[in-house]
file target_37.cif (mmCIF, C-alpha atoms)
data_model
loop_
_atom_site.label_atom_id
_atom_site.label_comp_id
_atom_site.auth_asym_id
_atom_site.auth_seq_id
_atom_site.Cartn_x
_atom_site.Cartn_y
_atom_site.Cartn_z
CA MET A 29 59.63 72.82 -37.93
CA LEU A 30 60.58 75.00 -34.98
CA ILE A 31 58.63 74.15 -31.84
CA THR A 32 57.84 77.84 -31.37
CA LYS A 33 56.19 77.92 -34.82
CA ALA A 34 54.13 74.83 -33.96
CA ILE A 35 53.01 76.45 -30.68
CA ASP A 36 52.03 79.63 -32.55
CA ASP A 37 50.03 77.54 -35.05
CA PHE A 38 48.38 75.68 -32.16
CA ASP A 39 47.52 78.99 -30.49
CA ARG A 40 45.91 80.22 -33.72
CA ASP A 41 43.95 76.97 -34.10
CA CYS A 42 42.65 77.24 -30.52
CA LYS A 43 41.51 80.81 -31.18
CA LEU A 44 39.80 79.78 -34.41
CA ARG A 45 37.93 77.07 -32.49
CA GLY A 46 36.68 79.76 -30.10
CA LEU A 47 38.40 78.47 -26.98
CA LYS A 48 38.59 80.79 -23.99
CA GLU A 49 41.79 82.76 -23.55
CA LYS A 50 42.42 81.08 -20.17
CA THR A 51 42.12 77.64 -21.75
CA ILE A 52 44.51 78.61 -24.54
CA ASN A 53 47.01 80.00 -22.03
CA ASP A 54 46.76 76.85 -19.91
CA TYR A 55 47.45 74.72 -23.00
CA LYS A 56 50.42 76.86 -23.99
CA ASP A 57 51.83 76.87 -20.46
CA ALA A 58 51.71 73.07 -20.35
CA VAL A 59 53.30 72.75 -23.80
CA ASN A 60 56.01 75.28 -22.94
CA LEU A 61 56.75 73.43 -19.71
CA PHE A 62 57.18 70.22 -21.72
CA THR A 63 59.38 71.78 -24.42
CA GLN A 64 61.58 73.58 -21.91
CA ASP A 65 61.90 70.57 -19.63
CA SER A 66 62.74 68.35 -22.60
CA HIS A 67 65.02 70.95 -24.23
CA LEU A 68 63.15 70.72 -27.52
CA LEU A 69 63.76 73.11 -30.39
CA MET A 70 62.24 71.18 -33.29
CA VAL A 71 58.89 69.38 -33.51
CA GLU A 72 60.62 66.43 -35.15
CA GLU A 73 62.41 65.77 -31.84
CA ILE A 74 59.11 64.85 -30.13
CA SER A 75 58.89 61.10 -29.67
CA ALA A 76 57.21 58.59 -27.40
CA SER A 77 60.45 58.15 -25.44
CA ILE A 78 60.87 61.93 -24.96
CA ILE A 79 57.33 62.10 -23.57
CA GLU A 80 57.86 59.09 -21.31
CA GLU A 81 61.04 60.68 -19.89
CA TYR A 82 59.13 63.91 -19.31
CA ILE A 83 56.37 62.05 -17.46
CA LEU A 84 58.96 60.38 -15.22
CA ARG A 85 60.51 63.78 -14.44
CA LEU A 86 57.07 65.13 -13.53
CA TYR A 87 56.64 62.33 -11.01
CA GLU A 88 59.97 63.27 -9.42
CA LYS A 89 58.73 66.80 -8.73
CA SER A 90 56.66 67.61 -5.68
CA ILE A 91 53.43 68.19 -7.59
CA SER A 92 50.15 66.36 -7.21
CA LYS A 93 48.88 63.66 -9.53
CA ALA A 94 45.99 65.97 -10.39
CA THR A 95 48.45 68.62 -11.61
CA ILE A 96 50.43 66.05 -13.57
CA ASN A 97 47.16 64.82 -15.06
CA THR A 98 46.28 68.36 -16.16
CA TYR A 99 49.72 68.96 -17.73
CA LEU A 100 49.50 65.70 -19.64
CA ARG A 101 45.94 66.23 -20.86
CA HIS A 102 46.96 69.67 -22.19
CA LEU A 103 50.06 68.21 -23.82
CA ARG A 104 47.94 65.50 -25.44
CA VAL A 105 45.69 68.17 -27.02
CA PHE A 106 48.82 69.74 -28.55
CA ILE A 107 50.13 66.39 -29.81
CA HIS A 108 46.74 65.59 -31.36
CA PHE A 109 46.86 68.97 -33.09
CA LEU A 110 50.31 68.14 -34.50
CA GLU A 111 49.01 64.78 -35.73
CA LYS A 112 45.89 66.32 -37.26
CA GLN A 113 48.06 68.85 -39.11
CA LYS A 114 50.31 65.98 -40.29
CA ILE A 115 53.28 67.60 -38.53
CA ILE A 116 53.74 64.39 -36.52
CA ASP A 117 52.85 61.03 -38.02
CA PRO A 118 50.13 59.36 -35.86
CA GLU A 119 51.79 56.02 -36.64
CA PHE A 120 54.67 56.99 -34.32
CA GLY A 121 52.34 56.58 -31.34
CA VAL A 122 53.43 59.79 -29.66
CA ALA A 123 49.97 60.58 -28.28
CA ASP A 124 49.68 56.99 -27.04
CA ALA A 125 52.81 57.53 -24.91
CA ILE A 126 50.91 60.01 -22.76
CA LYS A 127 49.68 57.83 -19.92
CA LEU A 128 47.58 59.72 -17.40
CA PRO A 129 48.19 58.89 -13.75
CA LYS A 130 45.56 56.92 -11.91
CA MET A 131 43.74 59.39 -9.74
CA PRO A 132 42.92 58.49 -6.15
CA ILE A 133 39.25 58.49 -5.32
CA ARG A 134 38.54 61.57 -3.25
CA LYS A 135 36.14 61.09 -0.41
CA VAL A 136 34.01 64.16 0.01
CA SER A 137 32.77 64.71 3.51
CA ILE A 138 29.41 66.40 3.85
CA LEU A 139 28.55 68.69 6.72
CA SER A 140 25.61 67.70 8.86
CA ASP A 141 22.75 70.13 9.51
CA GLU A 142 24.09 70.61 13.03
CA GLN A 143 27.59 71.44 11.74
CA ILE A 144 26.13 73.98 9.30
CA ARG A 145 24.08 75.62 12.09
CA LEU A 146 27.19 75.76 14.28
CA LEU A 147 29.20 77.27 11.44
CA PHE A 148 26.68 80.07 10.82
CA SER A 149 26.14 80.68 14.54
CA ASN A 150 29.84 81.53 14.85
CA ILE A 151 29.75 84.22 12.17
CA ASP A 152 29.34 87.70 13.63
CA THR A 153 27.35 89.60 11.00
CA LYS A 154 27.81 93.05 12.53
CA ASP A 155 30.12 94.25 9.77
CA ILE A 156 29.93 94.05 6.00
CA LEU A 157 32.93 91.71 5.62
CA SER A 158 31.35 89.17 7.93
CA VAL A 159 28.10 89.36 5.97
CA ARG A 160 30.12 88.80 2.80
CA ASP A 161 31.84 85.79 4.38
CA ALA A 162 28.50 84.32 5.43
CA LEU A 163 27.21 84.80 1.88
CA ILE A 164 30.28 83.04 0.45
CA ILE A 165 29.80 80.11 2.83
CA ALA A 166 26.11 79.90 1.92
CA LEU A 167 26.99 79.92 -1.79
CA LEU A 168 29.54 77.16 -1.29
CA LEU A 169 27.09 75.03 0.65
CA ASP A 170 23.90 75.66 -1.32
CA SER A 171 24.97 76.11 -4.93
CA GLY A 172 27.83 73.72 -5.42
CA LEU A 173 29.93 76.54 -6.84
CA ARG A 174 33.65 76.03 -6.52
CA ARG A 175 35.98 78.43 -4.73
CA ASN A 176 37.37 79.90 -7.94
CA GLU A 177 33.88 80.34 -9.38
CA ILE A 178 32.85 82.34 -6.32
CA LEU A 179 36.05 84.40 -6.40
CA THR A 180 35.37 85.45 -9.99
CA ILE A 181 31.75 86.55 -9.47
CA LEU A 182 31.30 90.15 -10.50
CA LEU A 183 28.68 92.55 -9.21
CA LYS A 184 27.06 92.56 -12.66
CA ASN A 185 26.56 88.77 -12.32
CA ILE A 186 24.36 89.20 -9.25
CA ASP A 187 20.60 89.62 -9.63
CA LEU A 188 19.56 91.29 -6.38
CA SER A 189 15.87 90.95 -7.19
#

call {"tool": "encode", "arguments": {"input": "target_37.cif", "output": "structure tokens"}}
result
Amino acid sequence: MLITKAIDDFDRDCKLRGLKEKTINDYKDAVNLFTQDSHLLMVEEISASIIEEYILRLYEKSISKATINTYLRHLRVFIHFLEKQKIIDPEFGVADAIKLPKMPIRKVSILSDEQIRLLFSNIDTKDILSVRDALIIALLLDSGLRRNEILTILLKNIDLS
């Protein structure tokens, strides 16, 4: 089977499962990166050794372990789909070849009350952009929202009451 056909079938399956368009695109981007990097044309060419070589090439690039981890998790979803559809025999252990990198433990530093007061005291709220910036900082500190979650907030998502 052509790899492009398998990717199209995977795309359709993701849509049928109701996955978000961004998630589907992320999956497809990761799979396309793998197939292009490994010069694959046919699904039957996918093997544990091809995946292991791909993983080694990822480590040679200047990308973080977190990014590698994401690529490999997305690739694993695709491989599981191929196995579930009986396109790849699970006995070949292709999915098992996808070893996720050990992630370093990130130490999160927390601002003290004094640091937060100092931060807000240095924001000049005389113009609307500064007020917006102060609001963004308050959201980050108080809600636990991530940067991207704040960047995608729409006016309709805000309850001013």

call {"tool": "residues_around", "arguments": {"input": "target_37.cif", "residues": "region 87-97 of chain A", "least_positions_apart": "2", "cutoff": "12 Å", "atoms": "all atoms listed in the file", "output": "mmCIF file with C-alpha atoms, keeping the file's coordinate frame"}}
result
data_model
loop_
_atom_site.group_PDB
_atom_site.id
_atom_site.type_symbol
_atom_site.label_atom_id
_atom_site.label_comp_id
_atom_site.auth_asym_id
_atom_site.auth_seq_id
_atom_site.Cartn_x
_atom_site.Cartn_y
_atom_site.Cartn_z
ATOM 1 C CA ASP A 54 46.760 76.850 -19.910
ATOM 2 C CA ALA A 58 51.710 73.070 -20.350
ATOM 3 C CA LEU A 61 56.750 73.430 -19.710
ATOM 4 C CA PHE A 62 57.180 70.220 -21.720
ATOM 5 C CA ASP A 65 61.900 70.570 -19.630
ATOM 6 C CA GLU A 80 57.860 59.090 -21.310
ATOM 7 C CA GLU A 81 61.040 60.680 -19.890
ATOM 8 C CA TYR A 82 59.130 63.910 -19.310
ATOM 9 C CA ILE A 83 56.370 62.050 -17.460
ATOM 10 C CA LEU A 84 58.960 60.380 -15.220
ATOM 11 C CA ARG A 85 60.510 63.780 -14.440
ATOM 12 C CA TYR A 99 49.720 68.960 -17.730
ATOM 13 C CA LEU A 100 49.500 65.700 -19.640
ATOM 14 C CA ARG A 101 45.940 66.230 -20.860
ATOM 15 C CA HIS A 102 46.960 69.670 -22.190
ATOM 16 C CA LEU A 103 50.060 68.210 -23.820
ATOM 17 C CA ARG A 104 47.940 65.500 -25.440
ATOM 18 C CA ILE A 126 50.910 60.010 -22.760
ATOM 19 C CA LYS A 127 49.680 57.830 -19.920
ATOM 20 C CA LEU A 128 47.580 59.720 -17.400
ATOM 21 C CA PRO A 129 48.190 58.890 -13.750
ATOM 22 C CA LYS A 130 45.560 56.920 -11.910
ATOM 23 C CA MET A 131 43.740 59.390 -9.740
ATOM 24 C CA PRO A 132 42.920 58.490 -6.150
ATOM 25 C CA ILE A 133 39.250 58.490 -5.320
ATOM 26 C CA ARG A 134 38.540 61.570 -3.250
#

call {"tool": "atom_distance", "arguments": {"input": "target_37.cif", "atom1": "CA of Lys43 (chain A)", "atom2": "CA of Gln113 (chain A)"}}
result
15.8 Å

call {"tool": "atom_distance", "arguments": {"input": "target_37.cif", "atom1": "CA of Ser189 (chain A)", "atom2": "CA of Arg174 (chain A)"}}
result
23.2 Å

call {"tool": "resolve_selection", "arguments": {"input": "target_37.cif", "expression": "the PyMOL selection byres ((chain A and resi 164) around 12)", "output": "PyMOL selection string"}}
result
chain A and resi 148+151+157-163+165-181

call {"tool": "residues_around", "arguments": {"input": "target_37.cif", "residues": "Asp117 (chain A)", "least_positions_apart": "3", "cutoff": "12 Å", "atoms": "all atoms listed in the file", "output": "list of chain:residue names"}}
result
A:Val71, A:Glu72, A:Ile74, A:Ser75, A:Ala76, A:Ile107, A:His108, A:Phe109, A:Leu110, A:Glu111, A:Lys112, A:Gln113, A:Lys114, A:Phe120, A:Gly121, A:Val122, A:Ala123

call {"tool": "residues_around", "arguments": {"input": "target_37.cif", "residues": "Asn53 (chain A)", "least_positions_apart": "3", "cutoff": "12 Å", "atoms": "all atoms listed in the file", "output": "list in words"}}
result
Ile35, Asp36, Phe38, Asp39, Arg40, Cys42, Lys43, Leu47, Lys48, Glu49, Lys50, Lys56, Asp57, Ala58, Val59, Asn60, Leu61 and His102 of chain A

call {"tool": "resolve_selection", "arguments": {"input": "target_37.cif", "expression": "the PyMOL selection byres ((chain A and resi 30) around 9)", "output": "PDB file with C-alpha atoms, keeping the file's coordinate frame"}}
result
ATOM      1  CA  MET A  29      59.630  72.820 -37.930  1.00  0.00           C
ATOM      2  CA  ILE A  31      58.630  74.150 -31.840  1.00  0.00           C
ATOM      3  CA  THR A  32      57.840  77.840 -31.370  1.00  0.00           C
ATOM      4  CA  LYS A  33      56.190  77.920 -34.820  1.00  0.00           C
ATOM      5  CA  ALA A  34      54.130  74.830 -33.960  1.00  0.00           C
ATOM      6  CA  ILE A  35      53.010  76.450 -30.680  1.00  0.00           C
ATOM      7  CA  LEU A  68      63.150  70.720 -27.520  1.00  0.00           C
ATOM      8  CA  LEU A  69      63.760  73.110 -30.390  1.00  0.00           C
ATOM      9  CA  MET A  70      62.240  71.180 -33.290  1.00  0.00           C
ATOM     10  CA  VAL A  71      58.890  69.380 -33.510  1.00  0.00           C
ATOM     11  CA  GLU A  72      60.620  66.430 -35.150  1.00  0.00           C
TER      12      GLU A  72
END

call {"tool": "atom_distance", "arguments": {"input": "target_37.cif", "atom1": "CA of Tyr55 (chain A)", "atom2": "CA of Pro118 (chain A)"}}
result
20.2 Å

call {"tool": "decode", "arguments": {"input": "target_37.cif", "residues": "region 69-88 of chain A", "atoms": "N, CA, C and O atoms", "output": "compact mmCIF listing (two decimals), in the first residue's frame"}}
result
# COMPACT_ATOMS: atom_id res chain seq x y z
N LEU A 69 7.97 5.01 0.54
CA LEU A 69 6.89 5.13 -0.43
C LEU A 69 5.77 4.14 -0.12
O LEU A 69 4.60 4.40 -0.39
N MET A 70 6.14 2.99 0.43
CA MET A 70 5.18 1.93 0.69
C MET A 70 5.13 1.62 2.19
O MET A 70 6.16 1.63 2.87
N VAL A 71 3.94 1.32 2.68
CA VAL A 71 3.76 0.99 4.10
C VAL A 71 4.58 -0.24 4.46
O VAL A 71 5.14 -0.32 5.56
N GLU A 72 4.68 -1.16 3.55
CA GLU A 72 5.40 -2.42 3.81
C GLU A 72 6.89 -2.19 4.11
O GLU A 72 7.55 -3.07 4.65
N GLU A 73 7.40 -1.01 3.79
CA GLU A 73 8.80 -0.69 4.07
C GLU A 73 9.03 -0.33 5.54
O GLU A 73 10.16 -0.31 6.00
N ILE A 74 7.95 -0.02 6.27
CA ILE A 74 8.09 0.36 7.68
C ILE A 74 8.49 -0.86 8.49
O ILE A 74 7.84 -1.90 8.43
N SER A 75 9.57 -0.71 9.23
CA SER A 75 10.06 -1.81 10.07
C SER A 75 10.64 -1.21 11.34
O SER A 75 10.86 0.00 11.44
N ALA A 76 10.91 -2.08 12.30
CA ALA A 76 11.52 -1.63 13.55
C ALA A 76 12.86 -0.96 13.29
O ALA A 76 13.18 0.08 13.88
N SER A 77 13.65 -1.51 12.38
CA SER A 77 14.97 -0.93 12.11
C SER A 77 14.86 0.43 11.43
O SER A 77 15.65 1.34 11.72
N ILE A 78 13.87 0.61 10.55
CA ILE A 78 13.65 1.92 9.90
C ILE A 78 13.31 2.96 10.97
O ILE A 78 13.82 4.09 10.95
N ILE A 79 12.46 2.58 11.90
CA ILE A 79 12.07 3.50 12.97
C ILE A 79 13.25 3.82 13.88
O ILE A 79 13.48 4.97 14.25
N GLU A 80 14.04 2.82 14.22
CA GLU A 80 15.20 3.04 15.07
C GLU A 80 16.20 3.99 14.40
O GLU A 80 16.76 4.88 15.05
N GLU A 81 16.41 3.83 13.10
CA GLU A 81 17.31 4.73 12.36
C GLU A 81 16.76 6.15 12.36
O GLU A 81 17.50 7.12 12.51
N TYR A 82 15.45 6.27 12.20
CA TYR A 82 14.80 7.58 12.23
C TYR A 82 15.00 8.25 13.59
O TYR A 82 15.34 9.44 13.66
N ILE A 83 14.82 7.49 14.65
CA ILE A 83 14.99 8.03 16.00
C ILE A 83 16.43 8.53 16.19
O ILE A 83 16.66 9.63 16.73
N LEU A 84 17.39 7.76 15.72
CA LEU A 84 18.79 8.20 15.83
C LEU A 84 19.03 9.48 15.05
O LEU A 84 19.76 10.37 15.52
N ARG A 85 18.42 9.61 13.88
CA ARG A 85 18.57 10.85 13.10
C ARG A 85 17.92 12.03 13.81
O ARG A 85 18.44 13.15 13.75
N LEU A 86 16.81 11.79 14.50
CA LEU A 86 16.19 12.88 15.26
C LEU A 86 17.13 13.39 16.35
O LEU A 86 17.23 14.60 16.57
N TYR A 87 17.82 12.47 17.02
CA TYR A 87 18.75 12.88 18.07
C TYR A 87 19.93 13.68 17.52
O TYR A 87 20.53 14.48 18.24
N GLU A 88 20.25 13.48 16.26
CA GLU A 88 21.37 14.22 15.65
C GLU A 88 20.98 15.66 15.31
O GLU A 88 21.85 16.51 15.13
